[in-house]
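Trainee: So that we are looking at the same thing, I have put the structure below in structure tokens.
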Amino acid sequence: MRALFLRELRLATRAGGGALTGVLFFLAVVATIPFALGPDLNLLARIGPAVLWIGALLASLLGLDRLFQADREDGSLDMLVLSADRHMLALTVLVKCLAHWTASVLPLVIAAPVLGLLLNMEATAIGATALTLLVGTPAIAFVGAAGAAVAVGLPRGGVLVSVLVLPLAIPVLIFGVSASYAAVNEPDPFLPPFLILAALTMFLAVIGPVAAALALRYGAD
């Protein structure tokens, strides 16, 4: 599994531009908001956590269509589906999701505090938003694996993956933003929405790879 994880990281690096494209898209979304709303710093600070979460969510969708694409092109995906049993295939998908998150989504989490300064956010809000992104964004990768598995054999599957994944990621967005706001808006409690967000990530860490494995096996059949 460690060798597979390192292999996926190398493939993500060789694909070129995955992490940089996501960060640039994230920056473009965040930088556009002040132009649309005007120079109201108090308003930007209030909506900052929601803006960062929406930008990270949309940027996370960019590379999902490439999750299984390289394996399909070199034929290793067919060999993996035919040779591995259901549980091993789901575990392989889980490792691929973790590698994808590390290579493409973790840079967004690292960039979030810097972009939070552009929105005039308080230090507490920036820290809470970064923490919720760190905990919540893996769920997007897990549920995205199922969408990528469904669309892996389709031409221009990237749009279909986004359409499939975005509605399923809405609960993650809701509790991530709720926890971020609760950290700075007393007496709203931070812990309940944060724990629900963590529970969603753990739940999707099981359901997402299993659903992706079933979709890959059904597609091979």
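Ligands are numbered from 1 in the order shown, chains are lettered A, B, ... in the order of the structure tokens, and residues start at 1 in each chain.
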Do a neighbour search on stretch 36-44 of chain A at 9 Å with only C-alpha atoms, toss out local chain neighbours closer than 4 positions, and write the hits as a ChimeraX atom specification.
Mentor: /A:32,48,51,118-121
Trainee: Would you mind exporting all heavy atoms of the selected residues as a PDB file, in the first residue's frame?
Mentor:
ATOM      1  N   THR A  32     -11.769  37.089  -6.869  1.00  0.00           N
ATOM      2  CA  THR A  32     -12.885  37.680  -7.608  1.00  0.00           C
ATOM      3  C   THR A  32     -13.967  38.219  -6.678  1.00  0.00           C
ATOM      4  O   THR A  32     -14.646  39.201  -7.014  1.00  0.00           O
ATOM      5  CB  THR A  32     -13.496  36.627  -8.560  1.00  0.00           C
ATOM      6  OG1 THR A  32     -12.484  36.140  -9.440  1.00  0.00           O
ATOM      7  CG2 THR A  32     -14.617  37.229  -9.391  1.00  0.00           C
ATOM      8  N   GLY A  48     -15.918  35.310   4.717  1.00  0.00           N
ATOM      9  CA  GLY A  48     -14.644  34.688   4.360  1.00  0.00           C
ATOM     10  C   GLY A  48     -14.623  33.177   4.460  1.00  0.00           C
ATOM     11  O   GLY A  48     -14.178  32.497   3.515  1.00  0.00           O
ATOM     12  N   VAL A  51     -16.482  31.655   1.565  1.00  0.00           N
ATOM     13  CA  VAL A  51     -15.772  31.842   0.298  1.00  0.00           C
ATOM     14  C   VAL A  51     -14.619  30.851   0.169  1.00  0.00           C
ATOM     15  O   VAL A  51     -14.418  30.239  -0.894  1.00  0.00           O
ATOM     16  CB  VAL A  51     -15.257  33.291   0.192  1.00  0.00           C
ATOM     17  CG1 VAL A  51     -14.353  33.460  -1.027  1.00  0.00           C
ATOM     18  CG2 VAL A  51     -16.425  34.269   0.114  1.00  0.00           C
ATOM     19  N   LEU A 118      -6.483  37.925   2.494  1.00  0.00           N
ATOM     20  CA  LEU A 118      -7.051  38.779   1.451  1.00  0.00           C
ATOM     21  C   LEU A 118      -8.499  39.144   1.747  1.00  0.00           C
ATOM     22  O   LEU A 118      -8.985  40.168   1.259  1.00  0.00           O
ATOM     23  CB  LEU A 118      -6.965  38.075   0.092  1.00  0.00           C
ATOM     24  CG  LEU A 118      -5.570  37.722  -0.418  1.00  0.00           C
ATOM     25  CD1 LEU A 118      -5.661  36.983  -1.751  1.00  0.00           C
ATOM     26  CD2 LEU A 118      -4.702  38.960  -0.558  1.00  0.00           C
ATOM     27  N   LEU A 119      -9.169  38.323   2.543  1.00  0.00           N
ATOM     28  CA  LEU A 119     -10.573  38.561   2.879  1.00  0.00           C
ATOM     29  C   LEU A 119     -10.736  39.250   4.238  1.00  0.00           C
ATOM     30  O   LEU A 119     -11.851  39.334   4.751  1.00  0.00           O
ATOM     31  CB  LEU A 119     -11.335  37.235   2.890  1.00  0.00           C
ATOM     32  CG  LEU A 119     -11.381  36.497   1.546  1.00  0.00           C
ATOM     33  CD1 LEU A 119     -11.996  35.124   1.708  1.00  0.00           C
ATOM     34  CD2 LEU A 119     -12.149  37.300   0.511  1.00  0.00           C
ATOM     35  N   ASN A 120      -9.627  39.706   4.802  1.00  0.00           N
ATOM     36  CA  ASN A 120      -9.662  40.437   6.072  1.00  0.00           C
ATOM     37  C   ASN A 120     -10.228  39.584   7.209  1.00  0.00           C
ATOM     38  O   ASN A 120     -10.888  40.091   8.119  1.00  0.00           O
ATOM     39  CB  ASN A 120     -10.490  41.725   5.934  1.00  0.00           C
ATOM     40  CG  ASN A 120     -10.278  42.687   7.095  1.00  0.00           C
ATOM     41  OD1 ASN A 120      -9.155  42.869   7.571  1.00  0.00           O
ATOM     42  ND2 ASN A 120     -11.359  43.293   7.579  1.00  0.00           N
ATOM     43  N   MET A 121      -9.972  38.291   7.184  1.00  0.00           N
ATOM     44  CA  MET A 121     -10.480  37.400   8.218  1.00  0.00           C
ATOM     45  C   MET A 121      -9.620  37.481   9.470  1.00  0.00           C
ATOM     46  O   MET A 121      -8.413  37.717   9.398  1.00  0.00           O
ATOM     47  CB  MET A 121     -10.510  35.951   7.702  1.00  0.00           C
ATOM     48  CG  MET A 121     -11.515  35.708   6.600  1.00  0.00           C
ATOM     49  SD  MET A 121     -11.354  34.061   5.843  1.00  0.00           S
ATOM     50  CE  MET A 121     -11.566  33.003   7.285  1.00  0.00           C
TER      51      MET A 121
END
Trainee: Identify, on the basis of only C-alpha atoms, every residue whose closest approach to A:Val177 does not exceed 9 Å; exclude the query and any residue fewer than 2 positions from it along the same chain; express the result as a PyMOL selection string.
Mentor: chain A and resi 49-50+53+129+132+172-175+179-182+193
Trainee: Grab the residues selected above and save them as a compact mmCIF listing (two decimals), in the first residue's frame with C-alpha atoms.
Mentor:
# COMPACT_ATOMS: atom_id res chain seq x y z
CA PRO A 49 -15.05 31.11 5.67
CA ALA A 50 -17.83 30.40 3.16
CA TRP A 53 -14.83 26.59 1.50
CA THR A 129 -11.40 27.39 8.46
CA THR A 132 -12.16 22.31 8.90
CA VAL A 172 -19.51 18.51 3.86
CA LEU A 173 -19.70 22.15 2.77
CA ILE A 174 -22.56 22.91 5.18
CA PHE A 175 -20.89 21.51 8.30
CA ALA A 179 -17.95 24.95 12.24
CA SER A 180 -15.84 27.80 10.83
CA TYR A 181 -18.49 30.38 11.71
CA ALA A 182 -19.07 28.87 15.15
CA PRO A 193 -20.53 20.68 13.60
Trainee: With a distance cut-off of 8 Å and only C-alpha atoms, select the neighbouring residues of A:Val161, excluding the residue or stretch itself and same-chain residues fewer than 2 positions from it, and output the selection as a ChimeraX atom specification.
Mentor: /A:61,64-65,144,147-148,150-151,157-159,163-165
Trainee: For the residues selected in the previous step, produce a file with all heavy atoms as a PDB file, in the first residue's frame.
Mentor:
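This is the output file result.pdb:
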ATOM      1  N   LEU A  61     -12.592  19.651  -7.284  1.00  0.00           N
ATOM      2  CA  LEU A  61     -13.245  18.882  -8.335  1.00  0.00           C
ATOM      3  C   LEU A  61     -12.437  18.825  -9.629  1.00  0.00           C
ATOM      4  O   LEU A  61     -12.734  18.001 -10.502  1.00  0.00           O
ATOM      5  CB  LEU A  61     -14.625  19.483  -8.644  1.00  0.00           C
ATOM      6  CG  LEU A  61     -15.630  19.530  -7.486  1.00  0.00           C
ATOM      7  CD1 LEU A  61     -16.916  20.215  -7.942  1.00  0.00           C
ATOM      8  CD2 LEU A  61     -15.934  18.132  -6.966  1.00  0.00           C
ATOM      9  N   LEU A  64     -10.402  15.354 -10.343  1.00  0.00           N
ATOM     10  CA  LEU A  64     -11.011  14.059 -10.022  1.00  0.00           C
ATOM     11  C   LEU A  64     -11.121  13.150 -11.236  1.00  0.00           C
ATOM     12  O   LEU A  64     -11.027  11.922 -11.114  1.00  0.00           O
ATOM     13  CB  LEU A  64     -12.398  14.273  -9.403  1.00  0.00           C
ATOM     14  CG  LEU A  64     -12.417  14.814  -7.972  1.00  0.00           C
ATOM     15  CD1 LEU A  64     -13.857  15.066  -7.526  1.00  0.00           C
ATOM     16  CD2 LEU A  64     -11.731  13.847  -7.016  1.00  0.00           C
ATOM     17  N   ASP A  65     -11.320  13.713 -12.417  1.00  0.00           N
ATOM     18  CA  ASP A  65     -11.479  12.874 -13.602  1.00  0.00           C
ATOM     19  C   ASP A  65     -10.190  12.147 -13.968  1.00  0.00           C
ATOM     20  O   ASP A  65     -10.222  11.171 -14.728  1.00  0.00           O
ATOM     21  CB  ASP A  65     -11.961  13.716 -14.787  1.00  0.00           C
ATOM     22  CG  ASP A  65     -10.988  14.826 -15.126  1.00  0.00           C
ATOM     23  OD1 ASP A  65     -10.526  15.515 -14.193  1.00  0.00           O
ATOM     24  OD2 ASP A  65     -10.701  15.022 -16.325  1.00  0.00           O
ATOM     25  N   GLY A 144     -15.568  11.692  -4.491  1.00  0.00           N
ATOM     26  CA  GLY A 144     -15.186  11.926  -5.883  1.00  0.00           C
ATOM     27  C   GLY A 144     -14.683  10.682  -6.575  1.00  0.00           C
ATOM     28  O   GLY A 144     -14.793  10.568  -7.802  1.00  0.00           O
ATOM     29  N   GLY A 147     -17.569   9.035  -8.304  1.00  0.00           N
ATOM     30  CA  GLY A 147     -17.916   9.725  -9.543  1.00  0.00           C
ATOM     31  C   GLY A 147     -16.888   9.493 -10.638  1.00  0.00           C
ATOM     32  O   GLY A 147     -17.247   9.298 -11.799  1.00  0.00           O
ATOM     33  N   ALA A 148     -15.615   9.495 -10.268  1.00  0.00           N
ATOM     34  CA  ALA A 148     -14.567   9.242 -11.261  1.00  0.00           C
ATOM     35  C   ALA A 148     -14.640   7.823 -11.795  1.00  0.00           C
ATOM     36  O   ALA A 148     -14.362   7.575 -12.980  1.00  0.00           O
ATOM     37  CB  ALA A 148     -13.197   9.505 -10.642  1.00  0.00           C
ATOM     38  N   VAL A 150     -17.366   6.039 -12.149  1.00  0.00           N
ATOM     39  CA  VAL A 150     -18.510   5.954 -13.059  1.00  0.00           C
ATOM     40  C   VAL A 150     -18.160   6.531 -14.425  1.00  0.00           C
ATOM     41  O   VAL A 150     -18.570   5.994 -15.471  1.00  0.00           O
ATOM     42  CB  VAL A 150     -19.720   6.683 -12.448  1.00  0.00           C
ATOM     43  CG1 VAL A 150     -20.851   6.803 -13.462  1.00  0.00           C
ATOM     44  CG2 VAL A 150     -20.204   5.961 -11.208  1.00  0.00           C
ATOM     45  N   ALA A 151     -17.384   7.618 -14.432  1.00  0.00           N
ATOM     46  CA  ALA A 151     -17.128   8.339 -15.686  1.00  0.00           C
ATOM     47  C   ALA A 151     -15.786   7.997 -16.318  1.00  0.00           C
ATOM     48  O   ALA A 151     -15.407   8.638 -17.298  1.00  0.00           O
ATOM     49  CB  ALA A 151     -17.193   9.850 -15.429  1.00  0.00           C
ATOM     50  N   GLY A 157     -15.326  13.088 -19.419  1.00  0.00           N
ATOM     51  CA  GLY A 157     -16.001  12.715 -18.183  1.00  0.00           C
ATOM     52  C   GLY A 157     -15.827  13.704 -17.058  1.00  0.00           C
ATOM     53  O   GLY A 157     -16.476  13.573 -16.019  1.00  0.00           O
ATOM     54  N   GLY A 158     -14.947  14.710 -17.224  1.00  0.00           N
ATOM     55  CA  GLY A 158     -14.705  15.655 -16.150  1.00  0.00           C
ATOM     56  C   GLY A 158     -15.941  16.419 -15.725  1.00  0.00           C
ATOM     57  O   GLY A 158     -16.190  16.610 -14.530  1.00  0.00           O
ATOM     58  N   VAL A 159     -16.739  16.848 -16.700  1.00  0.00           N
ATOM     59  CA  VAL A 159     -17.966  17.579 -16.374  1.00  0.00           C
ATOM     60  C   VAL A 159     -18.947  16.672 -15.651  1.00  0.00           C
ATOM     61  O   VAL A 159     -19.588  17.075 -14.673  1.00  0.00           O
ATOM     62  CB  VAL A 159     -18.597  18.157 -17.654  1.00  0.00           C
ATOM     63  CG1 VAL A 159     -19.922  18.840 -17.329  1.00  0.00           C
ATOM     64  CG2 VAL A 159     -17.642  19.142 -18.316  1.00  0.00           C
ATOM     65  N   VAL A 163     -20.664  17.074 -11.902  1.00  0.00           N
ATOM     66  CA  VAL A 163     -22.121  17.063 -11.722  1.00  0.00           C
ATOM     67  C   VAL A 163     -22.531  15.994 -10.715  1.00  0.00           C
ATOM     68  O   VAL A 163     -23.438  16.211  -9.894  1.00  0.00           O
ATOM     69  CB  VAL A 163     -22.822  16.840 -13.079  1.00  0.00           C
ATOM     70  CG1 VAL A 163     -24.316  16.604 -12.882  1.00  0.00           C
ATOM     71  CG2 VAL A 163     -22.604  18.036 -13.989  1.00  0.00           C
ATOM     72  N   LEU A 164     -21.864  14.851 -10.732  1.00  0.00           N
ATOM     73  CA  LEU A 164     -22.198  13.771  -9.808  1.00  0.00           C
ATOM     74  C   LEU A 164     -21.735  14.057  -8.386  1.00  0.00           C
ATOM     75  O   LEU A 164     -22.430  13.749  -7.418  1.00  0.00           O
ATOM     76  CB  LEU A 164     -21.577  12.461 -10.293  1.00  0.00           C
ATOM     77  CG  LEU A 164     -22.130  11.853 -11.586  1.00  0.00           C
ATOM     78  CD1 LEU A 164     -21.313  10.640 -11.986  1.00  0.00           C
ATOM     79  CD2 LEU A 164     -23.592  11.485 -11.432  1.00  0.00           C
ATOM     80  N   VAL A 165     -20.560  14.655  -8.258  1.00  0.00           N
ATOM     81  CA  VAL A 165     -19.943  14.799  -6.943  1.00  0.00           C
ATOM     82  C   VAL A 165     -20.462  16.017  -6.195  1.00  0.00           C
ATOM     83  O   VAL A 165     -20.647  15.964  -4.976  1.00  0.00           O
ATOM     84  CB  VAL A 165     -18.410  14.870  -7.097  1.00  0.00           C
ATOM     85  CG1 VAL A 165     -17.744  15.202  -5.770  1.00  0.00           C
ATOM     86  CG2 VAL A 165     -17.885  13.552  -7.644  1.00  0.00           C
TER      87      VAL A 165
END
Trainee: Can you pull out every residue within 10 Å of A:Pro171, counting only C-alpha atoms, but drop anything in the same chain fewer than 6 positions away, and send it as a ChimeraX atom specification?
Mentor: /A:177,196-197,200
Trainee: Listing only residues of stretch 87-176 of chain A within 9 Å of stretch 209-212 of chain A, what is the closest atom pair and its distance in Å (to one decimal) for each, using only C-alpha atoms, sorted by chain and residue number ascending, as CSV?
Mentor:
residue,atom,partner,partner_atom,distance
A:His87,CA,A:Val210,CA,7.8
A:Leu89,CA,A:Val210,CA,8.2
A:Ala90,CA,A:Pro209,CA,5.0
A:Leu91,CA,A:Pro209,CA,7.1
A:Thr92,CA,A:Pro209,CA,8.2
A:Val93,CA,A:Pro209,CA,5.4
A:Leu94,CA,A:Pro209,CA,5.5
A:Cys97,CA,A:Pro209,CA,8.1
A:Phe142,CA,A:Pro209,CA,6.4
A:Val143,CA,A:Pro209,CA,7.7
A:Gly144,CA,A:Ala212,CA,8.8
A:Ala145,CA,A:Ala212,CA,5.7
A:Ala146,CA,A:Ala212,CA,4.0
A:Gly147,CA,A:Ala212,CA,7.4
A:Ala148,CA,A:Ala212,CA,7.7
A:Ala149,CA,A:Ala212,CA,5.4
A:Val150,CA,A:Ala212,CA,7.5
Trainee: With a distance cut-off of 8 Å and only C-alpha atoms, select the neighbouring residues of A:Ala112, excluding the residue or stretch itself and same-chain residues fewer than 6 positions from it, and output the selection as an MDAnalysis selection string.
Mentor: chainID A and resid 52 126 129:130
Trainee: Just write the chosen residues, C-alpha atoms, as a tab-separated table (two decimals), in the first residue's frame.
Mentor:
chain	number	residue	atom	x	y	z
A	52	LEU	CA	-12.74	29.74	1.20
A	126	ILE	CA	-8.51	31.61	9.50
A	129	THR	CA	-11.40	27.39	8.46
A	130	ALA	CA	-8.02	25.80	7.74
Trainee: Find the residues near A:Leu4: any atom within 9 Å, counting only C-alpha atoms, skip ones fewer than 4 places away on the same chain, and give them as a PyMOL selection string.
Mentor: chain A and resi 8-9+92+95-96+99
Trainee: Since we have the selection now, will you write its residues out, keeping N, CA and C atoms, as a tab-separated table (two decimals), in the first residue's frame?
Mentor:
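Contents of the output file part.tsv:
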chain	number	residue	atom	x	y	z
A	8	GLU	N	1.30	6.70	-6.82
A	8	GLU	CA	0.25	7.64	-7.19
A	8	GLU	C	0.74	9.09	-7.05
A	9	LEU	N	1.56	9.34	-6.04
A	9	LEU	CA	2.12	10.68	-5.89
A	9	LEU	C	3.03	11.03	-7.07
A	92	THR	N	-7.39	-0.43	-2.49
A	92	THR	CA	-6.55	0.25	-3.48
A	92	THR	C	-7.13	1.62	-3.85
A	95	VAL	N	-6.34	4.11	-1.10
A	95	VAL	CA	-4.97	4.61	-1.17
A	95	VAL	C	-4.83	5.63	-2.29
A	96	LYS	N	-5.45	5.39	-3.43
A	96	LYS	CA	-5.41	6.33	-4.54
A	96	LYS	C	-6.07	7.65	-4.14
A	99	ALA	N	-3.66	9.56	-1.91
A	99	ALA	CA	-2.57	10.14	-2.70
A	99	ALA	C	-3.06	11.34	-3.50
Trainee: Quick one: everything within 12 Å of A:Ser104, counting only C-alpha atoms, minus sequence neighbours fewer than 6 positions away in the same chain. Send it as number ranges by chain.
Mentor: A: 8-9, 11-13, 15-26, 56-57, 59-64, 66-67, 96-98, 110-111, 137-138, 140-141
Trainee: Keeping N, CA and C atoms, export the residues of the selection given above as a tab-separated table (two decimals), in the first residue's frame.
Mentor:
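Result went into part_24.tsv, see below:
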chain	number	residue	atom	x	y	z
A	8	GLU	N	1.30	6.70	-6.82
A	8	GLU	CA	0.25	7.64	-7.19
A	8	GLU	C	0.74	9.09	-7.05
A	9	LEU	N	1.56	9.34	-6.04
A	9	LEU	CA	2.12	10.68	-5.89
A	9	LEU	C	3.03	11.03	-7.07
A	11	LEU	N	2.81	9.78	-10.10
A	11	LEU	CA	1.96	9.98	-11.28
A	11	LEU	C	1.30	11.36	-11.25
A	12	ALA	N	0.85	11.78	-10.07
A	12	ALA	CA	0.24	13.10	-9.96
A	12	ALA	C	1.23	14.19	-10.27
A	13	THR	N	2.50	13.99	-9.87
A	13	THR	CA	3.53	14.98	-10.15
A	13	THR	C	3.88	15.01	-11.63
A	15	ALA	N	1.94	14.18	-14.06
A	15	ALA	CA	0.82	14.72	-14.84
A	15	ALA	C	0.97	16.21	-15.06
A	16	GLY	N	1.61	16.88	-14.09
A	16	GLY	CA	1.97	18.28	-14.28
A	16	GLY	C	0.82	19.24	-14.05
A	17	GLY	N	1.05	20.19	-13.17
A	17	GLY	CA	0.11	21.28	-13.02
A	17	GLY	C	-1.11	21.00	-12.18
A	18	GLY	N	-1.25	19.77	-11.65
A	18	GLY	CA	-2.46	19.46	-10.90
A	18	GLY	C	-2.62	20.34	-9.67
A	19	ALA	N	-1.61	20.33	-8.80
A	19	ALA	CA	-1.68	21.13	-7.59
A	19	ALA	C	-1.65	22.62	-7.91
A	20	LEU	N	-0.78	23.02	-8.85
A	20	LEU	CA	-0.67	24.44	-9.19
A	20	LEU	C	-1.96	24.95	-9.81
A	21	THR	N	-2.57	24.16	-10.68
A	21	THR	CA	-3.83	24.57	-11.29
A	21	THR	C	-4.92	24.75	-10.25
A	22	GLY	N	-4.98	23.82	-9.28
A	22	GLY	CA	-5.98	23.93	-8.22
A	22	GLY	C	-5.78	25.18	-7.38
A	23	VAL	N	-4.53	25.46	-7.01
A	23	VAL	CA	-4.24	26.65	-6.19
A	23	VAL	C	-4.56	27.92	-6.96
A	24	LEU	N	-4.20	27.96	-8.25
A	24	LEU	CA	-4.50	29.15	-9.06
A	24	LEU	C	-6.01	29.35	-9.21
A	25	PHE	N	-6.75	28.26	-9.39
A	25	PHE	CA	-8.20	28.38	-9.47
A	25	PHE	C	-8.77	28.85	-8.14
A	26	PHE	N	-8.26	28.30	-7.05
A	26	PHE	CA	-8.65	28.72	-5.71
A	26	PHE	C	-8.41	30.22	-5.52
A	56	ALA	N	-12.37	26.09	-2.26
A	56	ALA	CA	-11.66	24.82	-2.10
A	56	ALA	C	-12.47	23.66	-2.67
A	57	LEU	N	-13.78	23.70	-2.47
A	57	LEU	CA	-14.63	22.64	-3.00
A	57	LEU	C	-14.57	22.59	-4.52
A	59	ALA	N	-12.24	23.86	-6.48
A	59	ALA	CA	-10.89	23.51	-6.93
A	59	ALA	C	-10.60	22.02	-6.74
A	60	SER	N	-11.21	21.42	-5.72
A	60	SER	CA	-11.00	19.99	-5.48
A	60	SER	C	-11.60	19.12	-6.58
A	61	LEU	N	-12.59	19.65	-7.28
A	61	LEU	CA	-13.25	18.88	-8.33
A	61	LEU	C	-12.44	18.82	-9.63
A	62	LEU	N	-11.41	19.68	-9.74
A	62	LEU	CA	-10.73	19.82	-11.03
A	62	LEU	C	-10.03	18.54	-11.47
A	63	GLY	N	-9.32	17.88	-10.56
A	63	GLY	CA	-8.52	16.74	-10.98
A	63	GLY	C	-9.13	15.39	-10.73
A	64	LEU	N	-10.40	15.35	-10.34
A	64	LEU	CA	-11.01	14.06	-10.02
A	64	LEU	C	-11.12	13.15	-11.24
A	66	ARG	N	-9.05	12.59	-13.42
A	66	ARG	CA	-7.77	11.94	-13.70
A	66	ARG	C	-7.41	10.88	-12.67
A	67	LEU	N	-8.31	10.61	-11.73
A	67	LEU	CA	-8.00	9.69	-10.64
A	67	LEU	C	-7.68	8.29	-11.15
A	96	LYS	N	-5.45	5.39	-3.43
A	96	LYS	CA	-5.41	6.33	-4.54
A	96	LYS	C	-6.07	7.65	-4.14
A	97	CYS	N	-7.16	7.58	-3.38
A	97	CYS	CA	-7.82	8.80	-2.92
A	97	CYS	C	-6.92	9.61	-1.99
A	98	LEU	N	-6.24	8.92	-1.08
A	98	LEU	CA	-5.34	9.61	-0.15
A	98	LEU	C	-4.18	10.25	-0.90
A	110	ILE	N	-3.18	24.37	2.55
A	110	ILE	CA	-2.02	25.17	2.95
A	110	ILE	C	-2.16	26.62	2.47
A	111	ALA	N	-2.76	26.80	1.29
A	111	ALA	CA	-2.93	28.15	0.75
A	111	ALA	C	-4.07	28.91	1.39
A	137	THR	N	-11.96	18.16	3.57
A	137	THR	CA	-11.68	17.97	2.14
A	137	THR	C	-11.37	16.52	1.75
A	138	PRO	N	-10.81	15.67	2.64
A	138	PRO	CA	-10.68	14.26	2.22
A	138	PRO	C	-12.00	13.61	1.86
A	140	ILE	N	-14.32	14.92	0.16
A	140	ILE	CA	-14.58	15.24	-1.25
A	140	ILE	C	-13.82	14.28	-2.16
A	141	ALA	N	-12.59	13.94	-1.77
A	141	ALA	CA	-11.81	12.99	-2.57
A	141	ALA	C	-12.44	11.60	-2.53
Trainee: For atom CA of A:Ile207 and atom CA of A:Leu6, quote the distance in Å rounded to one decimal.
Mentor: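 Pair atom CA of A:Ile207 / atom CA of A:Leu6 returns 23.4 Å.
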Trainee: So what do you get for atom CA of A:Gly127 versus atom CA of A:Pro167, distance-wise?
Mentor: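 Rounded to one decimal, the two atoms are 26.5 Å apart.
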Trainee: Taking only C-alpha atoms into account, name the residue in A:Leu58, A:Leu133, A:Ala215, A:Thr201 that is nearest to A:Ser178.
Mentor: A:Leu133
Trainee: How many Å separate atom CA of A:Val152 from atom CA of A:Leu216?
Mentor: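 Interatomic distance, atom CA of A:Val152 to atom CA of A:Leu216: 8.4 Å.
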